[in-house]
Amino acid sequence: MAKNGISQDDAVYIDLCKEYIAMLSDGLKEAEILVFLSSKHKLQASTIKKAVKRLNEEFNL
């Protein structure tokens, strides 16, 4: 995992990332999704955006 640029701490963001992608595919705007998820999970919008970006990349296993 380390060679892919993610850590074990990112595992807590997997469900959040799935939720983000589902909402995005439903047609919601990114800003609306970030506001909703930051309120729901008590995280900063920037933290969510970074986690989604990291977990949405392709990985070499």
# chains A, B, ... in the order shown; residues from 1 in each chain; ligands from 1
>>> select_by_dssp(residues="chain A", states="alpha helix (DSSP H)", output="VMD selection string")
chain A and resid 14 to 25 30 to 41 45 to 55
>>> residues_around(residues="segment 16-27 of chain A", least_positions_apart="6", cutoff="9 Å", atoms="only C-alpha atoms", output="list in words")
Ile33, Leu34, Leu37, His41, Ile48, Ala51, Val52, Lys53, Leu55 and Asn56 of chain A
>>> atom_distance(atom1="atom CA of Leu28 of chain A", atom2="atom CA of Gln8 of chain A")
29.2 Å
>>> decode(residues="segment 32-45 of chain A", atoms="all heavy atoms", output="PDB file, in the first residue's frame")
ATOM      1  N   GLU A  32     -22.042  20.496  -3.377  1.00  0.00           N
ATOM      2  CA  GLU A  32     -23.151  20.014  -2.552  1.00  0.00           C
ATOM      3  C   GLU A  32     -22.774  18.734  -1.812  1.00  0.00           C
ATOM      4  O   GLU A  32     -23.100  18.559  -0.639  1.00  0.00           O
ATOM      5  CB  GLU A  32     -24.376  19.730  -3.426  1.00  0.00           C
ATOM      6  CG  GLU A  32     -24.957  20.948  -4.094  1.00  0.00           C
ATOM      7  CD  GLU A  32     -26.022  20.598  -5.116  1.00  0.00           C
ATOM      8  OE1 GLU A  32     -25.957  19.504  -5.715  1.00  0.00           O
ATOM      9  OE2 GLU A  32     -26.924  21.426  -5.300  1.00  0.00           O
ATOM     10  N   ILE A  33     -22.076  17.850  -2.513  1.00  0.00           N
ATOM     11  CA  ILE A  33     -21.657  16.581  -1.911  1.00  0.00           C
ATOM     12  C   ILE A  33     -20.694  16.844  -0.758  1.00  0.00           C
ATOM     13  O   ILE A  33     -20.820  16.249   0.315  1.00  0.00           O
ATOM     14  CB  ILE A  33     -21.008  15.676  -2.970  1.00  0.00           C
ATOM     15  CG1 ILE A  33     -22.017  15.304  -4.054  1.00  0.00           C
ATOM     16  CG2 ILE A  33     -20.425  14.424  -2.336  1.00  0.00           C
ATOM     17  CD1 ILE A  33     -21.412  14.638  -5.269  1.00  0.00           C
ATOM     18  N   LEU A  34     -19.731  17.735  -0.972  1.00  0.00           N
ATOM     19  CA  LEU A  34     -18.745  18.027   0.064  1.00  0.00           C
ATOM     20  C   LEU A  34     -19.392  18.633   1.302  1.00  0.00           C
ATOM     21  O   LEU A  34     -19.032  18.281   2.430  1.00  0.00           O
ATOM     22  CB  LEU A  34     -17.647  18.941  -0.486  1.00  0.00           C
ATOM     23  CG  LEU A  34     -16.715  18.311  -1.516  1.00  0.00           C
ATOM     24  CD1 LEU A  34     -15.777  19.358  -2.098  1.00  0.00           C
ATOM     25  CD2 LEU A  34     -15.926  17.161  -0.919  1.00  0.00           C
ATOM     26  N   VAL A  35     -20.342  19.528   1.106  1.00  0.00           N
ATOM     27  CA  VAL A  35     -21.039  20.137   2.246  1.00  0.00           C
ATOM     28  C   VAL A  35     -21.813  19.073   3.020  1.00  0.00           C
ATOM     29  O   VAL A  35     -21.745  18.997   4.249  1.00  0.00           O
ATOM     30  CB  VAL A  35     -21.987  21.272   1.776  1.00  0.00           C
ATOM     31  CG1 VAL A  35     -22.929  21.693   2.886  1.00  0.00           C
ATOM     32  CG2 VAL A  35     -21.196  22.450   1.267  1.00  0.00           C
ATOM     33  N   PHE A  36     -22.532  18.220   2.297  1.00  0.00           N
ATOM     34  CA  PHE A  36     -23.329  17.172   2.938  1.00  0.00           C
ATOM     35  C   PHE A  36     -22.444  16.193   3.708  1.00  0.00           C
ATOM     36  O   PHE A  36     -22.695  15.892   4.874  1.00  0.00           O
ATOM     37  CB  PHE A  36     -24.166  16.436   1.897  1.00  0.00           C
ATOM     38  CG  PHE A  36     -24.914  15.260   2.461  1.00  0.00           C
ATOM     39  CD1 PHE A  36     -26.058  15.451   3.212  1.00  0.00           C
ATOM     40  CD2 PHE A  36     -24.462  13.971   2.255  1.00  0.00           C
ATOM     41  CE1 PHE A  36     -26.754  14.374   3.746  1.00  0.00           C
ATOM     42  CE2 PHE A  36     -25.136  12.879   2.785  1.00  0.00           C
ATOM     43  CZ  PHE A  36     -26.291  13.083   3.533  1.00  0.00           C
ATOM     44  N   LEU A  37     -21.397  15.687   3.035  1.00  0.00           N
ATOM     45  CA  LEU A  37     -20.540  14.686   3.670  1.00  0.00           C
ATOM     46  C   LEU A  37     -19.721  15.273   4.821  1.00  0.00           C
ATOM     47  O   LEU A  37     -19.487  14.590   5.812  1.00  0.00           O
ATOM     48  CB  LEU A  37     -19.614  14.039   2.635  1.00  0.00           C
ATOM     49  CG  LEU A  37     -20.298  13.134   1.613  1.00  0.00           C
ATOM     50  CD1 LEU A  37     -19.287  12.610   0.609  1.00  0.00           C
ATOM     51  CD2 LEU A  37     -21.028  11.996   2.286  1.00  0.00           C
ATOM     52  N   SER A  38     -19.293  16.513   4.697  1.00  0.00           N
ATOM     53  CA  SER A  38     -18.528  17.114   5.791  1.00  0.00           C
ATOM     54  C   SER A  38     -19.409  17.295   7.022  1.00  0.00           C
ATOM     55  O   SER A  38     -18.952  17.115   8.154  1.00  0.00           O
ATOM     56  CB  SER A  38     -17.899  18.439   5.363  1.00  0.00           C
ATOM     57  OG  SER A  38     -18.878  19.401   5.093  1.00  0.00           O
ATOM     58  N   SER A  39     -20.659  17.610   6.803  1.00  0.00           N
ATOM     59  CA  SER A  39     -21.591  17.734   7.923  1.00  0.00           C
ATOM     60  C   SER A  39     -21.893  16.361   8.531  1.00  0.00           C
ATOM     61  O   SER A  39     -21.914  16.203   9.751  1.00  0.00           O
ATOM     62  CB  SER A  39     -22.880  18.388   7.439  1.00  0.00           C
ATOM     63  OG  SER A  39     -23.846  18.386   8.436  1.00  0.00           O
ATOM     64  N   LYS A  40     -22.113  15.383   7.690  1.00  0.00           N
ATOM     65  CA  LYS A  40     -22.476  14.042   8.146  1.00  0.00           C
ATOM     66  C   LYS A  40     -21.330  13.368   8.898  1.00  0.00           C
ATOM     67  O   LYS A  40     -21.555  12.736   9.930  1.00  0.00           O
ATOM     68  CB  LYS A  40     -22.875  13.189   6.946  1.00  0.00           C
ATOM     69  CG  LYS A  40     -23.273  11.776   7.291  1.00  0.00           C
ATOM     70  CD  LYS A  40     -23.677  11.001   6.059  1.00  0.00           C
ATOM     71  CE  LYS A  40     -24.004   9.565   6.415  1.00  0.00           C
ATOM     72  NZ  LYS A  40     -24.345   8.783   5.235  1.00  0.00           N
ATOM     73  N   HIS A  41     -20.114  13.482   8.380  1.00  0.00           N
ATOM     74  CA  HIS A  41     -18.976  12.772   8.955  1.00  0.00           C
ATOM     75  C   HIS A  41     -18.088  13.647   9.850  1.00  0.00           C
ATOM     76  O   HIS A  41     -17.074  13.184  10.342  1.00  0.00           O
ATOM     77  CB  HIS A  41     -18.120  12.172   7.834  1.00  0.00           C
ATOM     78  CG  HIS A  41     -18.838  11.109   7.062  1.00  0.00           C
ATOM     79  ND1 HIS A  41     -18.998   9.832   7.533  1.00  0.00           N
ATOM     80  CD2 HIS A  41     -19.463  11.141   5.853  1.00  0.00           C
ATOM     81  CE1 HIS A  41     -19.667   9.116   6.648  1.00  0.00           C
ATOM     82  NE2 HIS A  41     -19.970   9.896   5.616  1.00  0.00           N
ATOM     83  N   LYS A  42     -18.473  14.908  10.030  1.00  0.00           N
ATOM     84  CA  LYS A  42     -17.727  15.841  10.884  1.00  0.00           C
ATOM     85  C   LYS A  42     -16.271  15.977  10.442  1.00  0.00           C
ATOM     86  O   LYS A  42     -15.345  15.900  11.240  1.00  0.00           O
ATOM     87  CB  LYS A  42     -17.784  15.406  12.357  1.00  0.00           C
ATOM     88  CG  LYS A  42     -19.177  15.189  12.895  1.00  0.00           C
ATOM     89  CD  LYS A  42     -19.916  16.491  13.052  1.00  0.00           C
ATOM     90  CE  LYS A  42     -21.212  16.277  13.791  1.00  0.00           C
ATOM     91  NZ  LYS A  42     -22.386  16.627  13.045  1.00  0.00           N
ATOM     92  N   LEU A  43     -16.086  16.145   9.120  1.00  0.00           N
ATOM     93  CA  LEU A  43     -14.759  16.323   8.536  1.00  0.00           C
ATOM     94  C   LEU A  43     -14.754  17.594   7.704  1.00  0.00           C
ATOM     95  O   LEU A  43     -15.799  18.061   7.254  1.00  0.00           O
ATOM     96  CB  LEU A  43     -14.401  15.144   7.625  1.00  0.00           C
ATOM     97  CG  LEU A  43     -14.258  13.777   8.279  1.00  0.00           C
ATOM     98  CD1 LEU A  43     -14.194  12.702   7.210  1.00  0.00           C
ATOM     99  CD2 LEU A  43     -13.015  13.742   9.145  1.00  0.00           C
ATOM    100  N   GLN A  44     -13.578  18.126   7.483  1.00  0.00           N
ATOM    101  CA  GLN A  44     -13.433  19.274   6.609  1.00  0.00           C
ATOM    102  C   GLN A  44     -13.639  18.833   5.159  1.00  0.00           C
ATOM    103  O   GLN A  44     -13.301  17.714   4.781  1.00  0.00           O
ATOM    104  CB  GLN A  44     -12.033  19.885   6.743  1.00  0.00           C
ATOM    105  CG  GLN A  44     -11.745  20.477   8.097  1.00  0.00           C
ATOM    106  CD  GLN A  44     -12.535  21.748   8.324  1.00  0.00           C
ATOM    107  OE1 GLN A  44     -12.760  22.532   7.410  1.00  0.00           O
ATOM    108  NE2 GLN A  44     -12.963  21.948   9.555  1.00  0.00           N
ATOM    109  N   ALA A  45     -14.186  19.722   4.344  1.00  0.00           N
ATOM    110  CA  ALA A  45     -14.404  19.406   2.932  1.00  0.00           C
ATOM    111  C   ALA A  45     -13.089  19.092   2.231  1.00  0.00           C
ATOM    112  O   ALA A  45     -13.027  18.204   1.379  1.00  0.00           O
ATOM    113  CB  ALA A  45     -15.115  20.569   2.239  1.00  0.00           C
TER     114      ALA A  45
END
